Structures are given as structure tokens and as C-alpha cells.
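**Student:** Starting off with a structure, shown below.
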Amino acid sequence: MKRIVGLAALVVVLAGPWPVPARAATDHDPLDEARKAAEQTPFSGSVTLQWRDASVLREEHISVEGTHGTLLAQSHGQGSAMAVGTERLVYDPGNGWQELWPSGLASAARPNVEDAYDIRSVGTEQVAGYPTDVVEALKGGTVRERLDLEANTKLLLRRSQYDARGTLQRSFTFDHINIGDQSMTPPTTPAAPRSDVPKTLALSKVPSSEREPSVLASGYKRLGAFTQGGVVQLVYSDGLYDLSLFQEEGALDKSDLPADRRTVRLSGHPAWAFSWPGGEGIVWTAGRTVYTLMGDVPPDELATVAQSVPVHRSTSVAHRLRQACRELVESFRGGL
Amino acid sequence: MNMSAHPGDLLSAYLDGELTPREVDGVRAHLEVCVECRREVQFIGEARTLVRDLPPVDPPFGLFERMLRPKHRWARAGVGALAAGAVASVAVMSLVAPREPHVSTHVAQLVSAHTASASTSGDPISEITPAAVPVSFNR
């Protein structure tokens with residue numbers, strides 16, 4: 001026995017320490033590097049998008065190209081999205097091109113990603129034939145996002161998002177990409193898109209009851225407010241993900257909710273969750289207000305954040321009684 | 001909070017401790033300058049104290065059993081009438097009472113608004129690409 005232990009000790013000494021994967025902290029914001037690379041580097045390729053809708057992992061293939069600060073993403077023969085500088089446009093066959101964000105409107109600056117995440121480099125890999133530097137973003141010791149940046153240009157070639165249990169929730173992966181073709185011409189921008197764009201709203205103009213709080217759970221900081229069609233949008237970010245909170249006065253008409261919604265519980269009250277390729281959303285009511293919170297965050301984190309939104313409970317006894325009666329009647333009708 | 005406007009329903013919530021710190025500050029500031037609201041707060045507080053101070057009363061022995069299994073036909077009818085009245089009250093409250101204005105939460109529009117604002121601050125390729133997938137929420 002002694003001989004075996006001695007032999008094992010000799011092997012350890014000769015072999016040196018166990019190989020440990022490189023996990024160095026990085027002092028760069030990887031998304032900021034990716035944004036600059038996307039603005040400066042000509043590329044064209046195809047992307048596979050995956051997103052989890054309840055337990056189903058859905059998939060879509062998109063063609064993407066970009067040069068001279070203009071990006072065009074096209075799903076096969078159906079929809080398109082375009083970024084021209086800071087302007088954002090979408091196209092769908094039924095409605096044509098629509099401008100979502102005008103070029104002159106300043107976006108809200110994100111906080112430093114390292115305020116809420118530990119960012120670490122975890123080595124190199126290959127994506128679509130290009131070497132990548134792999135960076136992980138950890139919150140509370142859990143990997144939430146894994147980013148593959150092309151080693152030379154820093155273009156983002158793969159992005160994978162995980163929930164707290166390590167299950168993949170969403171991914172963006174270049175299956176094929178051609179980088180650096182300087183002869184590429186920018187995509188043609190639509191001539192006269194319909195325009196229904198938001199406007200910046202000074203926080204002092206937002207009713208005080210809707211303005212708070214400035215910070216939500218999991219380190220989301222309020223960046224600003226916008227208004228569109230009479231609805232106020234508060235924008236929050238933790239440096240990696242963005243959240244939008246909408247508050248509308250009145251009673252929720254459940255027939256307006258997405259057909260594929262999932263009923264969930266939020267602090268003991270019913271709420272309705274939904275997914276789309278770009279994120280997760282949740283709708284709930286409290287008192288006389290309908291709340292909608294959405295973002296590109298993992299669903300477990302969205303639920304955590306939603307519970308931290310302070311709600312305006314009705315203070316009128318008559319209103320509470322009426323609501324209680326209505327909920328009682330609706331529960332018999334199966335209205336939930 | 002508007003100092004000149006009476007807090008109304010907020011006064012009851014103030015006594016219940018249901019307000020946010022900011023709302024509490026607003027109500028307190030208003031109470032300092034409004035005699036009428038101070039009187040109302042005092043009145044609500046006194047009424048609650050009176051109710052709380054009422055001694056607990058134990059029901060007579062066998063009351064619930066007698067209610068659930070009344071001996072007389074007229075008593076059974078009374079219990080039935082009470083139950084029917086309660087159901088009718090709930091139905092009337094839920095159906096006849098004025099309704100809140102309905103909010104049409106156009107989720108697709110809110111998603112577009114969110115996508116636009118989010119795609120301008122992060123990596124534009126991965127943020128804008130999902131917007132190319134037409135989404136139908138199939139209402």
C-alpha cells in the first residue's frame with residue numbers, strides 16, 4: 001500500500017499541478033467590442049436562432065449581412081429587420097416596412113456589465129470555421145451567458161443564454177459566415193417606411209407612482225423612459241440584458257393576451273408569461289394597473305425581477321370588494 | 001403627490017400601512033396643511049379603535065350545528081335564502097358595479113417597442129436578428 005501511495009505522489013510531482021482551464025478575468029466589455037466590430041466589419045452569413053418556449057426549444061434560420069454600419073437580417077421569404085446606424089426598421093409581408101427607432105433618438109447607455117456580472121475568459125473555440133475567444137458572464141456564481149467573439153475582428157459569432165440550472169434558454173449561432181469582404185455594398189434601405197417611433201420622456205414627466213423604482217431585483221438599473229402611443233416604457237438594464245416595464249391604468253382584457261401564454265403565479269397572484277424569438281414577457285395586474293415586463297433575460301430571472309416591481313394596490317374598499325367579487329365569479333367561469 | 005389635492009382613499013391605506021415611503025411623505029405633508037383630512041384620519045382611526053375594542057363574543061353552544069341542520073322548515077328556508085342572497089350580492093357586485101376601462105395590452109406593439117430600444121445599446125447583430133422572425137401572438 002505504501003508503495004502505491006509513494007508511486008502516486010511521484011507521478012503528481014513529475015506531472016505538475018492538474019491542468020486548470022484558463023479562466024482569466026477580462027477588463028473589456030465583450031458586448032461593447034462586438035458592437036464596434038459589427039459597425040466596422042463587412043460580413044455575410046447565416047444564423048440559427050434557438051429559443052425555449054415553455055419546454056420546447058424552437059429554431060429559426062436567418063440570413064444576416066452587414067457593411068458600412070448597415071445590418072440586414074432576413075428570415076426565409078417572410079420577415080426582415082434592419083439597423084441603419086442607430087435607426088431600426090422591421091418588415092413583415094402584411095404591413096411592409098416600419099420604422100421602430102429613429103436615427104436621431106439617443107438610446108439609454110447601459111451600466112457597466114461588471115457591476116452585475118463576473119466576466120471571465122475561458123479559452124478559445126471554433127465557430128463557423130473561425131477561431132473565437134470565449135467569454136462567460138456569471139451572476140451569483142452561475143453562468144448566464146457564453147459569448148464567442150471572433151478572435152481578430154471581435155464579431156459576435158455565438159451567444160448562448162442559460163437559466164440558473166444551466167439549461168440552454170436561447171442561442172444565436174453563425175452556421176456560416178464570410179468576414180471582411182470589402183467589396184460588399186450596403187443593403188438598400190426602404191424608401192418610405194411607416195413610422196410609429198417612440199419619444200424620449202423626461203422622468204419628471206412620468207407620474208410618480210409609475211416612475212419607481214430606480215433599481216429592480218438582480219441589479220437592473222433604470223436607464224430612462226420613452227413614450228409611444230400614450231404608453232410609458234421604463235427601460236432597465238444590468239449591463240448585459242435589457243428590460244422594458246409598461247404600466248397601463250385599467251382592467252386587463254385577457255382576450256388581448258397572446259394565445260400561447262402560460263399561466264404562472266407571481267407572489268401568489270395569477271400572471272401570464274409568453275416567449276418570442278427575442279425574449280420573454282410576463283403580464284399581471286395589481287389594483288387598477290396592468291403591468292407588462294419583458295426582456296431578453298432568462299425566464300427565471302424575469303420572474304424574480306417581476307416580483308420586485310412595486311405594485312399599486314387599490315386603496316378603495318369598494319374597488320377591492322368589486323374586484324374580489326369579479327375574481328370569484330371569473331374563477332367559476334374558468335376565466336383564468 | 002399634489003399637495004393641494006385631498007388624498008381620499010390614500011388616507012385609509014395610510015392608516016393600514018399600505019403606502020410606499022414616498023406616498024407616506026406626501027400624505028403626511030398634506031395632513032400638516034389640511035384640517036379636513038386630519039379630521040377624517042382621526043375619525044377613521046377612532047372608528048377602527050371602537051371596532052377593535054369590542055369584546056369577542058362566543059356563539060351559543062350548538063349554533064353552527066343548528067344553522068347547518070335546522071329542525072324547522074322555515075329555518076332551512078332562511079339559511080337557503082341567506083346563501084342565495086350572498087350569491088346574488090356577489091353576482092350583482094361583479095356585474096352591475098361600474099367596470100374599469102379595459103386595457104388592450106397589444107403585446108406585439110410592446111414587443112416591438114422593447115426590441116427597438118434594446119437593440120440600440122447592445123450587440124446590434126444578435127439583438128436585431130430575432131426581430132426578422134415575424135411573430136404572431138394569435139389573439
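Following the order of the C-alpha cells, first chain is A, next is B, and so on, with residues numbered from 1 inside each chain and ligands from 1 in the order they appear.
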At a cut-off of 6 Å, which residues of chain A touch chain B? Count only C-alpha atoms and give the answer as an MDAnalysis selection string.

**Tutor:** chainID A and resid 31 34:35 73:75 79:81 100:101 242 244 250:253 256 258:259 277:278 315:316 322 325:326

**Student:** Just want the 8 Å neighbourhood of segment 160-165 of chain A, counted on only C-alpha atoms, with same-chain residues fewer than 4 positions away dropped. Output as JSON, numbers by chain.

**Tutor:** {"A": [142, 143, 144, 145, 146, 147, 169, 170, 171, 172, 298, 299, 300, 301]}

**Student:** Taking the backbone alone, and naming residues the way the document does, which bits of segment 191-313 of chain A are strand (DSSP E or B) by DSSP, as a VMD selection string?

**Tutor:** chain A and resid 194 to 195 199 to 201 215 to 216 220 to 228 231 to 237 242 to 249 251 to 252 262 to 266 269 to 276 279 to 286 289 to 295

**Student:** Write the residues of the preceding selection, restricted to C-alpha atoms, as a CSV table (one decimal), in the first residue's frame.

**Tutor:**
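To be explicit, this is the file written out as selection03.csv:
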```csv
chain,number,residue,atom,x,y,z
A,194,ARG,CA,-44.4,53.6,-41.9
A,195,SER,CA,-43.2,55.4,-38.8
A,199,LYS,CA,-40.1,59.6,-28.0
A,200,THR,CA,-37.8,60.2,-25.0
A,201,LEU,CA,-39.8,61.1,-21.9
A,215,VAL,CA,-33.5,49.7,-9.3
A,216,LEU,CA,-35.1,46.3,-9.7
A,220,TYR,CA,-31.3,46.1,-13.0
A,221,LYS,CA,-31.0,49.9,-13.1
A,222,ARG,CA,-33.4,52.3,-14.6
A,223,LEU,CA,-31.9,54.0,-17.6
A,224,GLY,CA,-34.7,56.2,-18.9
A,225,ALA,CA,-38.3,56.4,-20.1
A,226,PHE,CA,-39.9,56.5,-23.6
A,227,THR,CA,-43.5,57.0,-24.7
A,228,GLN,CA,-45.3,55.7,-27.7
A,231,VAL,CA,-47.9,54.1,-23.2
A,232,VAL,CA,-44.9,54.8,-21.0
A,233,GLN,CA,-42.0,52.4,-21.3
A,234,LEU,CA,-39.4,52.4,-18.5
A,235,VAL,CA,-36.1,50.9,-19.6
A,236,TYR,CA,-33.8,49.0,-17.2
A,237,SER,CA,-30.5,47.2,-17.8
A,242,ASP,CA,-32.4,45.0,-21.1
A,243,LEU,CA,-35.9,45.1,-19.6
A,244,SER,CA,-38.9,47.2,-20.5
A,245,LEU,CA,-41.7,47.8,-18.0
A,246,PHE,CA,-45.0,49.1,-19.3
A,247,GLN,CA,-47.8,50.2,-16.9
A,248,GLU,CA,-51.4,50.9,-18.1
A,249,GLU,CA,-54.3,52.0,-16.0
A,251,ALA,CA,-58.7,46.3,-16.2
A,252,LEU,CA,-56.9,43.7,-18.3
A,262,ARG,CA,-48.6,30.3,-19.9
A,263,THR,CA,-50.4,31.0,-16.6
A,264,VAL,CA,-47.9,31.4,-13.8
A,265,ARG,CA,-48.1,32.6,-10.2
A,266,LEU,CA,-46.4,35.8,-9.2
A,269,HIS,CA,-51.4,36.0,-7.9
A,270,PRO,CA,-52.0,34.8,-11.4
A,271,ALA,CA,-49.8,36.2,-14.2
A,272,TRP,CA,-49.3,35.3,-17.9
A,273,ALA,CA,-46.0,34.5,-19.4
A,274,PHE,CA,-45.1,34.4,-23.1
A,275,SER,CA,-42.0,33.9,-25.3
A,276,TRP,CA,-40.8,35.1,-28.7
A,279,GLY,CA,-37.1,37.4,-25.3
A,280,GLU,CA,-39.6,36.6,-22.5
A,281,GLY,CA,-42.6,38.6,-21.2
A,282,ILE,CA,-44.9,38.5,-18.3
A,283,VAL,CA,-48.2,40.3,-17.8
A,284,TRP,CA,-50.0,40.8,-14.4
A,285,THR,CA,-52.5,43.1,-12.8
A,286,ALA,CA,-52.5,44.7,-9.4
A,289,THR,CA,-52.8,48.8,-13.1
A,290,VAL,CA,-51.8,46.3,-15.8
A,291,TYR,CA,-48.1,45.6,-15.8
A,292,THR,CA,-46.1,44.1,-18.7
A,293,LEU,CA,-42.4,43.3,-18.1
A,294,MET,CA,-40.3,41.9,-20.9
A,295,GLY,CA,-36.7,41.4,-21.9
```

**Student:** Would you pick out the contacts of Thr41 of chain A at 9 Å or less, using only C-alpha atoms, so that residues sharing its chain but fewer than 5 positions from it are not included, and give the list as number ranges by chain?

**Tutor:** A: 36, 66-69, 153, 155, 179-182

**Student:** To one decimal in Å, tell me the separation between atom CA of Val309 of chain A and atom CA of Lys139 of chain A.

**Tutor:**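 Atom CA of Lys139 of chain A lies at a distance of 20.1 Å from atom CA of Val309 of chain A.
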
**Student:** Show which residues sit within 8 Å of segment 42-57 of chain B, as a tab-separated table (two decimals) with C-alpha atoms, in the first residue's frame. Count only C-alpha atoms, and ignore same-chain residues fewer than 2 positions away.

**Tutor:**
```tsv
chain	number	residue	atom	x	y	z
B	12	SER	CA	-57.37	54.62	4.63
B	15	LEU	CA	-53.65	54.01	8.35
B	38	ARG	CA	-56.78	65.46	9.65
B	39	ARG	CA	-60.37	65.19	10.93
B	40	GLU	CA	-61.07	62.33	8.53
B	59	PRO	CA	-71.57	31.91	19.77
```

**Student:** Nearest to Thr70 of chain A among A:Leu105, A:Val206, A:Ala54, A:Ala38, with distances taken over only C-alpha atoms: which residue is it?

**Tutor:**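 Among A:Leu105, A:Val206, A:Ala54, A:Ala38, it is A:Ala38 that comes nearest to Thr70 of chain A.
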
**Student:** Just the helix (DSSP H, G or I) stuff from segment 86-312 of chain A, please, per backbone DSSP, written as a list in words.

**Tutor:** Val113, Glu114, Asp115, Leu203, Ser204, Lys205, Ser208, Ser209, Glu210, Arg211, Ala217, Ser218, Gly219, Lys254, Ser255, Asp256, Pro299, Asp300, Glu301, Leu302, Ala303, Thr304, Val305, Ala306 and Gln307 of chain A
